[in-house]
$ cat query_16.txt   # compact mmCIF, C-alpha atoms and all ligand atoms
# COMPACT_ATOMS: atom_id res chain seq x y z
CA MET A 15 181.48 303.72 39.94
CA GLU A 16 180.83 307.00 41.75
CA ARG A 17 178.09 309.21 40.36
CA ILE A 18 179.12 312.47 38.69
CA VAL A 19 176.54 315.19 38.07
CA ASP A 20 176.95 318.06 35.62
CA ALA A 21 175.74 320.66 38.10
CA ALA A 22 175.31 320.71 41.86
CA ILE A 23 173.15 323.63 42.90
CA VAL A 24 173.51 324.63 46.54
CA GLY A 25 170.29 326.27 47.72
CA ALA A 26 166.68 325.84 46.60
CA GLY A 27 165.36 329.38 46.63
CA VAL A 28 164.19 331.02 43.44
CA ALA A 29 167.78 331.61 42.27
CA GLY A 30 168.81 327.97 42.62
CA LEU A 31 165.55 326.60 41.25
CA SER A 32 165.67 328.92 38.22
CA ALA A 33 169.19 327.71 37.45
CA ALA A 34 167.93 324.16 37.92
CA LEU A 35 165.04 324.71 35.51
CA PHE A 36 167.42 325.87 32.80
CA LEU A 37 169.91 323.08 33.40
CA GLY A 38 167.24 320.38 33.61
CA ARG A 39 165.79 321.54 30.31
CA ALA A 40 169.32 321.63 28.88
CA ALA A 41 169.42 317.89 29.64
CA GLN A 42 172.28 318.25 32.15
CA ALA A 43 172.35 315.92 35.17
CA THR A 44 171.49 318.34 37.96
CA VAL A 45 171.01 318.02 41.69
CA VAL A 46 169.73 320.78 43.96
CA PHE A 47 170.58 320.77 47.66
CA ASP A 48 167.76 322.26 49.67
CA GLY A 49 169.15 323.32 53.06
CA GLY A 50 165.95 324.66 54.62
CA PRO A 51 163.75 327.74 54.62
CA THR A 52 164.44 330.50 52.14
CA ARG A 53 164.59 334.18 53.02
CA ILE A 54 161.17 334.93 51.53
CA GLU A 55 159.39 332.36 53.71
CA SER A 56 159.13 334.74 56.67
CA VAL A 57 156.49 336.75 54.81
CA GLU A 58 152.82 335.90 54.29
CA GLU A 59 152.60 337.08 50.69
CA VAL A 60 155.04 337.70 47.89
CA ARG A 61 155.14 341.25 46.52
CA GLU A 62 156.93 342.98 43.68
CA HIS A 63 157.21 339.82 41.60
CA LEU A 64 155.17 340.15 38.43
CA GLY A 65 152.61 337.40 37.98
CA PHE A 66 152.92 336.23 41.60
CA ASP A 67 151.67 339.26 43.55
CA GLY A 68 150.01 338.16 46.80
CA LEU A 69 150.99 334.50 46.45
CA PRO A 70 152.13 332.77 49.67
CA PRO A 71 155.87 332.12 49.22
CA GLN A 72 155.49 328.42 50.06
CA GLU A 73 153.18 328.08 47.06
CA LEU A 74 155.62 329.84 44.76
CA LEU A 75 158.43 327.54 45.91
CA SER A 76 156.42 324.32 45.77
CA ARG A 77 155.33 325.17 42.21
CA ALA A 78 158.97 325.87 41.32
CA ARG A 79 160.16 322.58 42.85
CA ALA A 80 157.51 320.63 40.92
CA GLU A 81 158.50 322.39 37.68
CA VAL A 82 162.20 321.53 37.94
CA GLN A 83 161.47 317.92 38.90
CA LYS A 84 159.55 317.49 35.63
CA TYR A 85 162.89 317.82 33.83
CA GLY A 86 164.76 315.21 35.83
CA VAL A 87 166.34 317.54 38.39
CA GLU A 88 166.87 315.79 41.70
CA ILE A 89 166.17 317.77 44.88
CA LYS A 90 167.94 316.56 48.00
CA ARG A 91 166.70 318.02 51.27
CA GLN A 92 170.17 318.30 52.70
CA ARG A 93 172.56 321.06 53.61
CA VAL A 94 175.93 321.21 51.90
CA THR A 95 178.67 321.41 54.51
CA SER A 96 181.64 321.94 52.19
CA VAL A 97 182.78 321.80 48.59
CA THR A 98 186.30 320.61 47.76
CA PRO A 99 187.89 321.20 44.35
CA ARG A 100 189.86 318.22 42.99
CA ALA A 101 192.96 318.21 40.81
CA ASP A 102 190.96 316.63 37.95
CA GLY A 103 188.58 319.63 37.84
CA LEU A 104 185.67 317.94 39.60
CA PHE A 105 184.18 319.18 42.87
CA GLU A 106 183.39 317.02 45.90
CA VAL A 107 180.14 318.29 47.39
CA TYR A 108 179.68 317.11 50.99
CA HIS A 109 176.15 316.76 52.37
CA GLY A 110 174.87 314.72 55.30
CA HIS A 111 177.15 311.68 55.42
CA SER A 112 177.51 311.60 51.62
CA VAL A 113 179.54 313.19 48.89
CA THR A 114 178.44 313.98 45.33
CA MET A 115 180.93 314.61 42.52
CA ALA A 116 180.03 317.58 40.35
CA ARG A 117 181.50 319.11 37.21
CA THR A 118 180.16 322.53 38.21
CA VAL A 119 178.69 324.06 41.36
CA VAL A 120 176.16 326.88 41.47
CA LEU A 121 176.05 328.64 44.83
CA ALA A 122 172.49 329.84 45.42
CA THR A 123 172.75 329.95 49.17
CA GLY A 124 171.07 333.32 49.79
CA LEU A 125 172.15 335.44 52.76
CA ILE A 126 171.37 335.99 56.42
CA ASP A 127 169.83 339.18 57.80
CA LYS A 128 171.75 339.80 61.03
CA LEU A 129 168.99 340.72 63.43
CA PRO A 130 169.63 342.11 66.91
CA PRO A 131 168.33 340.04 69.87
CA LEU A 132 165.39 342.32 70.70
CA SER A 133 162.31 341.21 72.59
CA GLY A 134 159.29 340.85 70.31
CA LEU A 135 161.41 340.86 67.16
CA PRO A 136 160.81 337.26 65.98
CA LYS A 137 157.05 337.83 66.08
CA ALA A 138 157.31 340.98 63.96
CA TRP A 139 159.90 339.72 61.46
CA GLY A 140 158.47 339.51 57.94
CA ARG A 141 155.30 341.29 59.06
CA ASP A 142 155.45 344.67 60.84
CA LEU A 143 159.23 344.74 61.02
CA ARG A 144 160.25 345.37 57.44
CA VAL A 145 163.48 345.43 55.44
CA CYS A 146 162.61 347.26 52.23
CA PRO A 147 159.63 349.40 51.22
CA CYS A 148 159.78 347.95 47.70
CA PHE A 149 158.36 344.76 49.19
CA ASP A 150 155.68 346.02 51.52
CA GLY A 151 155.83 349.81 51.74
CA TYR A 152 152.68 350.15 49.64
CA GLU A 153 150.64 348.27 52.24
CA VAL A 154 151.52 350.84 54.96
CA ARG A 155 151.97 353.95 52.80
CA GLY A 156 151.29 357.22 54.60
CA LYS A 157 151.44 355.62 58.07
CA ARG A 158 153.73 356.23 61.08
CA PHE A 159 157.16 354.77 60.34
CA LEU A 160 160.01 354.17 62.78
CA VAL A 161 163.47 353.34 61.45
CA PHE A 162 166.38 351.85 63.39
CA GLY A 163 169.39 349.63 62.88
CA VAL A 164 173.03 349.76 61.91
CA PRO A 165 174.25 353.34 61.29
CA LYS A 166 175.86 352.63 57.92
CA ARG A 167 172.50 351.72 56.34
CA LEU A 168 170.20 353.80 58.50
CA LEU A 169 170.13 357.11 56.63
CA HIS A 170 169.56 355.52 53.30
CA MET A 171 166.73 353.46 54.78
CA ALA A 172 165.11 356.49 56.49
CA SER A 173 165.12 358.67 53.37
CA TRP A 174 164.12 355.76 51.11
CA VAL A 175 161.04 354.86 53.18
CA TRP A 176 160.12 358.56 53.24
CA MET A 177 159.03 358.11 49.62
CA TRP A 178 156.21 355.94 51.01
CA SER A 179 155.26 358.13 54.01
CA ARG A 180 155.95 361.65 55.24
CA ASP A 181 155.76 360.47 58.88
CA VAL A 182 159.23 359.01 59.45
CA THR A 183 161.25 359.00 62.68
CA VAL A 184 164.73 357.55 63.20
CA VAL A 185 165.65 356.05 66.56
CA SER A 186 169.40 355.97 67.01
CA GLU A 187 172.11 357.23 69.31
CA HIS A 188 174.61 357.35 66.49
CA ALA A 189 176.49 360.66 66.07
CA PHE A 190 175.37 361.59 62.56
CA THR A 191 177.31 364.24 60.67
CA ASP A 192 175.86 367.72 60.22
CA VAL A 193 175.35 366.99 56.54
CA ASP A 194 173.41 363.83 57.31
CA LEU A 195 171.24 365.63 59.84
CA TYR A 196 170.65 368.48 57.39
CA ARG A 197 169.44 366.01 54.74
CA LEU A 198 167.07 364.40 57.25
CA ARG A 199 165.76 367.82 58.34
CA LEU A 200 165.04 368.72 54.70
CA LEU A 201 162.74 365.69 54.62
CA GLU A 202 161.34 366.57 58.09
CA ILE A 203 162.59 363.26 59.46
CA GLU A 204 163.01 363.50 63.21
CA VAL A 205 165.88 361.72 65.02
CA ILE A 206 165.26 360.43 68.54
CA ALA A 207 168.61 359.89 70.27
CA ASP A 208 167.92 356.54 71.88
CA GLU A 209 168.35 352.82 71.18
CA VAL A 210 165.58 350.33 70.43
CA THR A 211 165.43 347.50 72.97
CA GLY A 212 162.20 345.78 72.06
CA LEU A 213 159.08 345.59 69.93
CA VAL A 214 155.65 345.83 71.56
CA HIS A 215 152.62 344.09 70.10
CA GLY A 216 148.96 344.78 70.67
CA GLY A 217 147.46 341.39 69.82
CA GLU A 218 149.01 340.32 66.53
CA ARG A 219 150.18 343.71 65.30
CA LEU A 220 153.19 345.84 66.24
CA GLU A 221 152.19 348.90 68.25
CA ALA A 222 155.39 350.52 69.46
CA LEU A 223 159.14 350.29 69.91
CA MET A 224 160.60 350.26 73.42
CA THR A 225 163.84 352.14 74.01
CA ARG A 226 166.79 351.98 76.36
CA LYS A 227 165.64 355.22 77.99
CA GLY A 228 162.31 353.58 78.81
CA LYS A 229 160.17 355.25 76.15
CA SER A 230 157.45 353.53 74.16
CA ILE A 231 157.27 355.08 70.69
CA ALA A 232 154.07 354.28 68.81
CA CYS A 233 154.25 353.24 65.17
CA ASP A 234 152.36 351.43 62.42
CA ALA A 235 155.44 349.98 60.74
CA ALA A 236 159.06 349.60 61.79
CA TRP A 237 161.96 349.37 59.36
CA ILE A 238 165.22 347.76 60.30
CA ALA A 239 168.51 348.55 58.60
CA ALA A 240 170.27 345.26 59.29
CA ASP A 241 173.68 343.94 58.32
CA MET A 242 173.69 341.05 55.90
CA VAL A 243 176.16 338.17 55.77
CA ALA A 244 176.75 334.97 53.82
CA THR A 245 174.89 331.90 55.09
CA SER A 246 178.13 329.93 55.50
CA GLU A 247 181.84 329.80 54.70
CA VAL A 248 181.27 327.68 51.60
CA ALA A 249 181.74 330.57 49.11
CA ALA A 250 184.73 331.97 51.02
CA SER A 251 186.42 328.56 50.89
CA LEU A 252 186.09 328.42 47.12
CA CYS A 253 186.31 331.85 45.56
CA GLU A 254 186.77 335.58 46.10
CA VAL A 255 184.11 337.06 48.36
CA ASP A 256 183.18 340.58 49.47
CA GLU A 257 183.12 341.95 53.02
CA MET A 258 179.79 340.19 53.67
CA GLY A 259 181.23 336.85 52.57
CA LEU A 260 179.12 336.88 49.38
CA ALA A 261 180.72 335.57 46.18
CA ARG A 262 182.10 338.13 43.74
CA VAL A 263 180.77 337.32 40.28
CA ASP A 264 180.90 338.68 36.75
CA SER A 265 177.79 339.39 34.68
CA ALA A 266 177.56 335.68 33.79
CA GLY A 267 177.52 334.59 37.45
CA ARG A 268 181.09 333.21 37.21
CA THR A 269 183.16 333.43 40.40
CA SER A 270 186.95 333.71 40.56
CA ARG A 271 187.19 329.89 40.42
CA PRO A 272 186.37 328.20 37.10
CA GLY A 273 183.42 325.86 37.46
CA ILE A 274 181.98 327.67 40.50
CA PHE A 275 179.08 330.04 39.85
CA ALA A 276 176.94 332.11 42.23
CA VAL A 277 173.46 333.61 41.83
CA GLY A 278 170.78 335.52 43.71
CA ASN A 279 171.44 336.86 47.20
CA ALA A 280 174.52 334.62 47.43
CA ALA A 281 176.18 337.15 45.12
CA ASP A 282 173.93 340.20 45.23
CA PRO A 283 172.36 341.35 48.52
CA ALA A 284 170.04 343.75 46.69
CA ALA A 285 168.45 341.04 44.52
CA HIS A 286 164.66 340.74 44.88
CA LEU A 287 162.87 337.56 43.84
CA ALA A 288 162.67 338.68 40.22
CA HIS A 289 166.40 339.50 40.09
CA ALA A 290 167.37 336.27 41.84
CA SER A 291 165.19 334.28 39.50
CA ALA A 292 166.65 336.06 36.46
CA ALA A 293 170.19 335.45 37.75
CA GLY A 294 169.42 331.73 37.95
CA THR A 295 168.15 331.71 34.38
CA ASN A 296 171.11 333.83 33.24
CA VAL A 297 173.73 331.52 34.72
CA GLY A 298 172.26 328.42 33.03
CA PRO A 299 173.77 328.91 29.56
CA HIS A 300 177.14 329.84 31.05
CA VAL A 301 177.22 326.62 33.04
CA VAL A 302 176.36 324.69 29.87
CA MET A 303 179.10 326.52 27.90
CA TYR A 304 181.61 325.67 30.62
CA LEU A 305 180.60 321.99 30.48
CA LEU A 306 180.86 322.01 26.68
CA GLU A 307 184.36 323.53 26.72
CA LYS A 308 185.50 321.00 29.35
CA GLU A 309 184.19 318.16 27.20
CA ILE A 310 186.03 319.49 24.13
CA GLU A 311 189.23 319.81 26.22
CA ARG A 312 188.80 316.24 27.43
CA ARG A 313 188.33 314.90 23.90
CA MET A 314 191.35 316.85 22.63
CA ALA A 315 193.48 315.41 25.42
CA ASN A 316 192.25 311.88 24.55
CA GLN A 317 193.18 312.37 20.92
CA GLU A 318 196.61 313.72 21.82
CA ASN A 319 197.18 310.57 23.83
CA THR A 320 196.06 308.31 20.98
CA GLY A 321 197.80 310.27 18.20
CA SER A 322 196.91 313.60 16.63
CA PRO A 323 194.09 313.53 14.01
CA ASP A 324 194.60 315.20 10.65
CA ILE A 325 191.96 317.94 10.98
CA SER A 326 192.44 319.24 7.39
CA GLN A 327 191.16 315.94 5.97
CA ARG A 328 188.00 316.06 8.07
CA VAL A 329 186.97 319.64 7.32
CA SER A 330 187.52 319.44 3.55
C1 LIG A 401 161.35 340.18 55.28
C2 LIG A 401 161.64 340.02 53.80
C3 LIG A 401 160.63 340.22 52.88
C4 LIG A 401 160.88 340.11 51.52
N1 LIG A 401 159.85 340.31 50.64
C5 LIG A 401 160.11 340.23 49.32
C6 LIG A 401 159.06 340.44 48.37
O1 LIG A 401 157.90 340.64 48.73
N2 LIG A 401 159.37 340.41 47.05
C7 LIG A 401 160.66 340.17 46.62
O2 LIG A 401 160.90 340.19 45.42
N3 LIG A 401 161.65 339.89 47.50
C8 LIG A 401 161.41 339.92 48.83
N4 LIG A 401 162.42 339.67 49.71
C9 LIG A 401 163.74 339.30 49.19
C10 LIG A 401 163.76 337.81 48.81
O3 LIG A 401 163.56 337.06 49.98
C11 LIG A 401 165.08 337.47 48.15
O4 LIG A 401 165.22 338.29 47.01
C12 LIG A 401 165.12 336.02 47.69
O5 LIG A 401 164.79 335.15 48.73
C13 LIG A 401 166.51 335.68 47.16
O6 LIG A 401 166.45 334.38 46.62
P1 LIG A 401 167.71 333.42 46.67
O7 LIG A 401 167.28 332.20 45.95
O8 LIG A 401 168.91 334.14 46.22
O9 LIG A 401 167.95 333.12 48.22
P2 LIG A 401 166.99 332.39 49.26
O10 LIG A 401 165.58 332.55 48.85
O11 LIG A 401 167.33 332.87 50.61
O12 LIG A 401 167.36 330.86 49.11
C14 LIG A 401 168.61 330.37 49.53
C15 LIG A 401 168.43 328.94 49.97
O13 LIG A 401 169.72 328.34 50.14
C16 LIG A 401 169.67 327.53 51.29
N5 LIG A 401 171.05 327.26 51.74
C17 LIG A 401 171.92 328.12 52.31
N6 LIG A 401 173.09 327.51 52.56
C18 LIG A 401 172.93 326.22 52.14
C19 LIG A 401 173.78 325.08 52.14
N7 LIG A 401 175.01 325.13 52.63
N8 LIG A 401 173.29 323.92 51.64
C20 LIG A 401 172.05 323.84 51.11
N9 LIG A 401 171.19 324.89 51.08
C21 LIG A 401 171.64 326.07 51.60
C22 LIG A 401 168.84 328.33 52.27
O14 LIG A 401 168.35 327.52 53.33
C23 LIG A 401 167.73 328.80 51.33
O15 LIG A 401 166.74 327.81 51.22
C24 LIG A 401 162.19 339.77 51.06
C25 LIG A 401 163.21 339.57 52.00
C26 LIG A 401 162.94 339.69 53.36
C27 LIG A 401 164.04 339.44 54.37
$ encode --input "query_16.txt" --output "structure tokens" --more "lines below"
Ligand SMILES: Cc1cc2nc3c(=O)[nH]c(=O)nc-3n(C[C@H](O)[C@H](O)[C@H](O)COP(=O)(O)OP(=O)(O)OC[C@H]3O[C@@H](n4cnc5c(N)ncnc54)[C@H](O)[C@@H]3O)c2cc1C
Amino acid sequence: MERIVDAAIVGAGVAGLSAALFLGRAAQATVVFDGGPTRIESVEEVREHLGFDGLPPQELLSRARAEVQKYGVEIKRQRVTSVTPRADGLFEVYHGHSVTMARTVVLATGLIDKLPPLSGLPKAWGRDLRVCPCFDGYEVRGKRFLVFGVPKRLLHMASWVWMWSRDVTVVSEHAFTDVDLYRLRLLEIEVIADEVTGLVHGGERLEALMTRKGKSIACDAAWIAADMVATSEVAASLCEVDEMGLARVDSAGRTSRPGIFAVGNAADPAAHLAHASAAGTNVGPHVVMYLLEKEIERRMANQENTGSPDISQRVS
């Protein structure tokens, strides 16, 4: 007989593993599909996560994996390629050359930062090229900041990082509105009308940004306002998604399709580790409630087939 699990969790970052911890401890048969590195693994140390400040992310994740395995959760180091809903309410979860049947699926697939193909960028990613000052602004507070990236997120990024340093310069050829420029001027943020073409390192550290006009602009930290997208089409094939392809969820982590849940960056691009972890914990009881209701429905249907019980006699 084919194996059916109560919950298939797609993604083994903190969101997926937190959901797994809850479901394992709720004695539900749970499998986690671990498709590779998580978003946090580009950094050397975790920040802004109470109790884990300064911890290497690999250590945080290996502790988390060991914790969930204590409660019978199986971790499969495989990527899920697709999930197919069946008429009987189960989901076929395809991975490698296998398929696992699941009563519920929790999408914890994270997101992808869409990075431009700039020279020197891979070396700086997660170190001197930063995405949010909440994570590592403190470490470079007061230093020379350069900000570049997609126009729709650039102004927010420039003014946000300004709270960590008064030395902020934007590099962009975008035609900002007068209002936008006025707001930047109020904060004394300069705009250099040029495009970044590369990142220049002196030894291990970032020293400057190169531009299309051939300038080298010195900096201590660079901030990129990047687009973010879903890691795959799996969510879009199952439920309503937003313009980034991330699942739309309610406050319980439920998507538009019953039995499919989504947590962490797979549903909320602004989630930090603490939020993603909390979302995983939060979804746990809702998955269990769903499983409970399905079981009650199944038993009711069985009884209808075998003749209706007289409930009044049993509750008296
Ligand atoms: C440069 C950088 C620095 C950051 N620093 C911090 C920080 O210091 N503190 C902080 O709180 N936050 C930080 N963050 C944010 C943090 O990385 C995210 O909040 C966190 O990783 C979200 O967790 P998650 O579990 O939702 O997603 P992820 O951690 O990205 O995990 C998703 C997992 O799902 C896997 N996956 C995707 N698709 C599939 C599939 N089809 N099958 C199987 N597996 C799949 C992925 O490989 C990945 O392992 C940082 C982010 C960046 C980019």
$ residues_around --input "query_16.txt" --residues "range 128-137 of chain A" --least-positions-apart "2" --cutoff "12 Å" --atoms "all atoms listed in the file" --output "number ranges by chain"
A: 56-57, 125-126, 139-145, 162-164, 209-226, 236-245, 258
$ atom_distance --input "query_16.txt" --atom1 "atom N5 of ligand LIG 401 (chain A)" --atom2 "CA of Val301 in chain A"
19.7 Å
$ residues_near_ligand --input "query_16.txt" --ligand "ligand LIG 401 (chain A)" --cutoff "6 Å" --atoms "only C-alpha atoms and all ligand atoms" --output "PyMOL selection string"
chain A and resi 24-30+47-54+57+60-63+93-95+122-125+140+144-145+149+245+278-280+285-288+290
$ residues_near_point --input "query_16.txt" --point "(158.3, 363.0, 60.1)" --cutoff "6 Å" --atoms "only C-alpha atoms" --output "PyMOL selection string"
chain A and resi 180-183+202-204
$ atom_distance --input "query_16.txt" --atom1 "CA of Ala293 in chain A" --atom2 "CA of Leu35 in chain A"
12.1 Å
$ atom_distance --input "query_16.txt" --atom1 "CA of Val19 in chain A" --atom2 "CA of Leu260 in chain A"
24.6 Å
$ residues_near_point --input "query_16.txt" --point "(171.3, 358.5, 71.0)" --cutoff "8 Å" --atoms "all atoms listed in the file" --output "list in words"
Val185, Ser186, Glu187, His188, Ala189, Ile206, Ala207, Asp208 and Glu209 of chain A
$ closest_residue --input "query_16.txt" --among "A:Gly321, A:Gly151, A:Gly228, A:Pro299" --to "Met177 in chain A" --atoms "only C-alpha atoms"
A:Gly151
$ closest_residue --input "query_16.txt" --among "A:Ala40, A:Ala284, A:Val161, A:Val97" --to "Met115 in chain A" --atoms "all atoms listed in the file"
A:Val97
$ closest_residue --input "query_16.txt" --among "A:Ala315, A:Val184, A:Val119, A:Leu195" --to "Arg271 in chain A" --atoms "only C-alpha atoms"
A:Val119
$ residues_around --input "query_16.txt" --residues "range 267-269 of chain A" --least-positions-apart "3" --cutoff "10 Å" --atoms "all atoms listed in the file" --output "JSON, numbers by chain"
{"A": [120, 121, 249, 252, 253, 254, 255, 261, 262, 263, 264, 272, 273, 274, 275, 276, 277, 278, 281, 293, 294, 296, 297, 298, 300, 301]}
$ closest_residue --input "query_16.txt" --among "A:Met303, A:Ala235, A:Leu169, A:Ile18" --to "Leu198 in chain A" --atoms "all atoms listed in the file"
A:Leu169
$ closest_residue --input "query_16.txt" --among "A:Thr191, A:Ser173, A:Gln72, A:Thr295" --to "Glu58 in chain A" --atoms "only C-alpha atoms"
A:Gln72
$ residues_around --input "query_16.txt" --residues "Arg39 in chain A" --least-positions-apart "4" --cutoff "10 Å" --atoms "only C-alpha atoms" --output "JSON, numbers by chain"
{"A": [34, 35, 43, 82, 84, 85, 86, 87, 298]}
